[in-house]
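A.B. asks: Right, I'll just put the structure down here and ask away after.
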Amino acid sequence: TAATEIKGIWELTTPVKEAITYSWSGITGSTDKLGALPKSASVNYGSKYDVDTTYTKTSTYTNEYGEWTFSGWDHSGELTITAATEIKGTWELTTPIATITITANSNSKLYDGSSLVDEGYSYTGNLVDNDKLTVTASAESILINAGSCKNRIDSYSVSHDNGDGTTRDVTSYYAIDTFDGTLTVTKRPVTLTSGSASKTYDGGALTNGTITISGDGFVDGEGATYSVTGSQTSVG
């Protein structure tokens, strides 16, 4: 069969502007902008394709985010290649290489009567130039008394600065893992020491109701109720 050249219009539903490399039906090369992809490819004259048939030839490009795959015919009826026509489809990020791991902070403190909160986080991996990571983290419960709870990543997003005062969301271009931190409130060490006393025997009972508080002491506004027992009348 004879071959005819069709005009392939690469209609991109994913607006990525970075430099790319491409390979489509044996046509390979590179461009500095996505919109400069090749405009033609060879198919068999008289071939027929059903509506929405996936284009199975190699149709990929790669950039900092990973490998993208082009697929799909966008036609209203059966496509017969007899003249110049348009190829349209969708780009999908099939092999992401931009990976980020986000970990919520871990933290601890002595009990002080207030809740332990740490909204911080750390991440590993590399952001693509002009991309910005935004993260929120919070405790899974209000932690005031001694104990522990998870510190979780609630949400995250990555935005790309287009350089013209606008941004676009590129979160889906990354493979992102999240890990919890741990928040811990430890018991406050408090020592109560009863007082000592001595005297010369006088027939009366010797007592001392004094209590000394040491360690980290009680939190302001808190304390303990206690009583002191012990009485010595005889020599000894």
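Residue numbers start at 1 in each chain; chains themselves are named A, B, ... in the order of the structure tokens; ligands are numbered from 1 in the order shown.
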Counting only C-alpha atoms, what is within 6 Å of Thr99 (chain A), bar same-chain residues fewer than 5 positions away, as a PDB file with all heavy atoms, in the first residue's frame?
C.D. replies:
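Contents of the output file around-v8.pdb:
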ATOM      1  N   GLY A 125      13.817  15.157  48.763  1.00  0.00           N
ATOM      2  CA  GLY A 125      13.525  15.173  47.337  1.00  0.00           C
ATOM      3  C   GLY A 125      13.760  16.560  46.785  1.00  0.00           C
ATOM      4  O   GLY A 125      13.968  17.523  47.541  1.00  0.00           O
ATOM      5  N   TYR A 174       3.907  15.098  40.817  1.00  0.00           N
ATOM      6  CA  TYR A 174       4.849  14.538  41.776  1.00  0.00           C
ATOM      7  C   TYR A 174       4.318  13.236  42.368  1.00  0.00           C
ATOM      8  O   TYR A 174       3.104  13.064  42.537  1.00  0.00           O
ATOM      9  CB  TYR A 174       5.082  15.521  42.932  1.00  0.00           C
ATOM     10  CG  TYR A 174       5.966  16.692  42.579  1.00  0.00           C
ATOM     11  CD1 TYR A 174       5.443  17.812  41.937  1.00  0.00           C
ATOM     12  CD2 TYR A 174       7.315  16.692  42.899  1.00  0.00           C
ATOM     13  CE1 TYR A 174       6.244  18.898  41.616  1.00  0.00           C
ATOM     14  CE2 TYR A 174       8.127  17.779  42.588  1.00  0.00           C
ATOM     15  CZ  TYR A 174       7.587  18.870  41.947  1.00  0.00           C
ATOM     16  OH  TYR A 174       8.393  19.938  41.631  1.00  0.00           O
ATOM     17  N   ALA A 175       5.233  12.335  42.685  1.00  0.00           N
ATOM     18  CA  ALA A 175       4.916  11.169  43.509  1.00  0.00           C
ATOM     19  C   ALA A 175       5.254  11.565  44.943  1.00  0.00           C
ATOM     20  O   ALA A 175       6.427  11.785  45.270  1.00  0.00           O
ATOM     21  CB  ALA A 175       5.728   9.960  43.071  1.00  0.00           C
ATOM     22  N   ILE A 176       4.238  11.689  45.795  1.00  0.00           N
ATOM     23  CA  ILE A 176       4.417  12.238  47.133  1.00  0.00           C
ATOM     24  C   ILE A 176       4.024  11.205  48.187  1.00  0.00           C
ATOM     25  O   ILE A 176       2.934  10.631  48.138  1.00  0.00           O
ATOM     26  CB  ILE A 176       3.597  13.525  47.315  1.00  0.00           C
ATOM     27  CG1 ILE A 176       4.058  14.591  46.305  1.00  0.00           C
ATOM     28  CG2 ILE A 176       3.734  14.053  48.749  1.00  0.00           C
ATOM     29  CD1 ILE A 176       3.283  15.882  46.366  1.00  0.00           C
TER      30      ILE A 176
END
A.B. asks: Fewer than 2 positions away in the same chain doesn't count, so skip those; otherwise give me all residues within 8 Å of Gly203 (chain A), counting only C-alpha atoms, as a CSV table (one decimal) with N, CA, C and O atoms, in the first residue's frame.
C.D. replies:
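Final output, around_16.csv:
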chain,number,residue,atom,x,y,z
A,201,TYR,N,13.8,16.5,125.3
A,201,TYR,CA,12.6,15.9,125.9
A,201,TYR,C,11.9,16.8,126.8
A,201,TYR,O,12.6,17.3,127.7
A,205,ALA,N,4.5,16.2,122.6
A,205,ALA,CA,4.7,15.5,121.3
A,205,ALA,C,5.5,16.4,120.3
A,205,ALA,O,5.3,17.7,120.3
A,233,THR,N,7.0,11.5,121.1
A,233,THR,CA,6.9,12.0,122.5
A,233,THR,C,8.1,11.5,123.3
A,233,THR,O,8.8,12.3,124.0
A,234,SER,N,8.4,10.3,123.2
A,234,SER,CA,9.5,9.7,124.0
A,234,SER,C,10.9,10.0,123.4
A,234,SER,O,10.9,10.5,122.2
A.B. asks: Here is a test: counting only C-alpha atoms, which residue of A:Thr229, A:Gly113, A:Leu183, A:Ser106 is nearest to Gly195 (chain A)?
C.D. replies: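 Of A:Thr229, A:Gly113, A:Leu183, A:Ser106, the one nearest Gly195 (chain A) is A:Thr229, counting only C-alpha atoms.
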A.B. asks: Report as a PyMOL selection string: the residues of region 96-166 of chain A with a DSSP assignment of strand (DSSP E or B), based on the backbone of this structure.
C.D. replies: chain A and resi 96+99-104+107-110+121-124+131-139+147-161
A.B. asks: Identify, on the basis of only C-alpha atoms, every residue whose closest approach to Ile211 (chain A) does not exceed 9 Å; exclude the query and any residue fewer than 3 positions from it along the same chain; express the result as a list in words.
C.D. replies: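 That gives Leu192, Thr193, Ser194, Gly195, Asn208, Tyr226 and Val228 of chain A.
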A.B. asks: Go through A:Ser108, A:Ser231, A:Ser159, A:Ser172 and flag the residue nearest Leu133 (chain A), using only C-alpha atoms for the distances.
C.D. replies: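 Once distances to Leu133 (chain A) are computed over only C-alpha atoms, the minimum belongs to A:Ser159.
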A.B. asks: Measuring between only C-alpha atoms, which one of A:Thr191, A:Thr124, A:Thr103, A:Thr95 shows the shortest distance to Phe218 (chain A)?
C.D. replies: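 Closest residue, counting only C-alpha atoms: A:Thr191.
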A.B. asks: Just checking: using only C-alpha atoms, which residue out of A:Val135, A:Ala224, A:Cys149, A:Ala104 ends up closest to Tyr121 (chain A)?
C.D. replies: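 Once distances to Tyr121 (chain A) are computed over only C-alpha atoms, the minimum belongs to A:Ala104.
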A.B. asks: Between CA of Glu119 (chain A) and CA of Lys132 (chain A), what is the distance in Å, rounded to a tenth?
C.D. replies: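 Straight-line distance from CA of Glu119 (chain A) to CA of Lys132 (chain A) works out to 17.7 Å.
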A.B. asks: Under the rule that only C-alpha atoms are counted, which of A:Ser155, A:Ser114, A:Asn162, A:Thr69 is the nearest residue to Asp177 (chain A)?
C.D. replies: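 Closest residue, counting only C-alpha atoms: A:Ser155.
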A.B. asks: Compile the contact shell of Ile142 (chain A) as a list in words: residues with an atom at most 9 Å away, counting only C-alpha atoms, same-chain residues fewer than 5 positions apart removed.
C.D. replies: Ser115, Leu116, Val117 and Cys149 of chain A
A.B. asks: Can you pull out every residue within 10 Å of Asn107 (chain A), counting only C-alpha atoms, but drop anything in the same chain fewer than 5 positions away, and send it as a PDB file with N, CA and C atoms, in the first residue's frame?
C.D. replies:
ATOM      1  N   LEU A 116       0.251  20.612  73.378  1.00  0.00           N
ATOM      2  CA  LEU A 116       1.475  20.548  72.579  1.00  0.00           C
ATOM      3  C   LEU A 116       1.097  20.607  71.103  1.00  0.00           C
ATOM      4  N   VAL A 117       1.594  21.619  70.398  1.00  0.00           N
ATOM      5  CA  VAL A 117       1.291  21.823  68.982  1.00  0.00           C
ATOM      6  C   VAL A 117       2.590  22.026  68.224  1.00  0.00           C
ATOM      7  N   ASP A 118       2.734  21.376  67.095  1.00  0.00           N
ATOM      8  CA  ASP A 118       3.888  21.592  66.218  1.00  0.00           C
ATOM      9  C   ASP A 118       3.402  21.440  64.774  1.00  0.00           C
ATOM     10  N   GLY A 120       5.156  22.141  62.141  1.00  0.00           N
ATOM     11  CA  GLY A 120       6.296  22.068  61.243  1.00  0.00           C
ATOM     12  C   GLY A 120       6.388  20.741  60.504  1.00  0.00           C
ATOM     13  N   SER A 148       0.921  10.455  74.342  1.00  0.00           N
ATOM     14  CA  SER A 148       1.430  10.675  72.991  1.00  0.00           C
ATOM     15  C   SER A 148       0.297  10.629  71.984  1.00  0.00           C
ATOM     16  N   ASN A 151       1.345  13.256  64.977  1.00  0.00           N
ATOM     17  CA  ASN A 151       1.339  14.562  64.326  1.00  0.00           C
ATOM     18  C   ASN A 151       1.258  14.289  62.835  1.00  0.00           C
ATOM     19  N   GLY A 181       4.567  12.312  62.379  1.00  0.00           N
ATOM     20  CA  GLY A 181       5.483  12.514  63.493  1.00  0.00           C
ATOM     21  C   GLY A 181       4.790  12.078  64.778  1.00  0.00           C
ATOM     22  N   THR A 182       5.455  12.245  65.896  1.00  0.00           N
ATOM     23  CA  THR A 182       4.878  11.885  67.192  1.00  0.00           C
ATOM     24  C   THR A 182       5.036  13.051  68.167  1.00  0.00           C
ATOM     25  N   LEU A 183       3.944  13.389  68.832  1.00  0.00           N
ATOM     26  CA  LEU A 183       3.959  14.404  69.878  1.00  0.00           C
ATOM     27  C   LEU A 183       3.834  13.700  71.221  1.00  0.00           C
ATOM     28  N   THR A 184       4.673  14.094  72.187  1.00  0.00           N
ATOM     29  CA  THR A 184       4.691  13.427  73.493  1.00  0.00           C
ATOM     30  C   THR A 184       4.759  14.454  74.615  1.00  0.00           C
ATOM     31  N   VAL A 185       3.839  14.327  75.564  1.00  0.00           N
ATOM     32  CA  VAL A 185       3.892  15.105  76.802  1.00  0.00           C
ATOM     33  C   VAL A 185       4.312  14.150  77.909  1.00  0.00           C
TER      34      VAL A 185
END
A.B. asks: Could you work out how far CA of Ile100 (chain A) lies from CA of Ala137 (chain A), giving the answer in Å with one decimal?
C.D. replies: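 The value is 15.9 Å.
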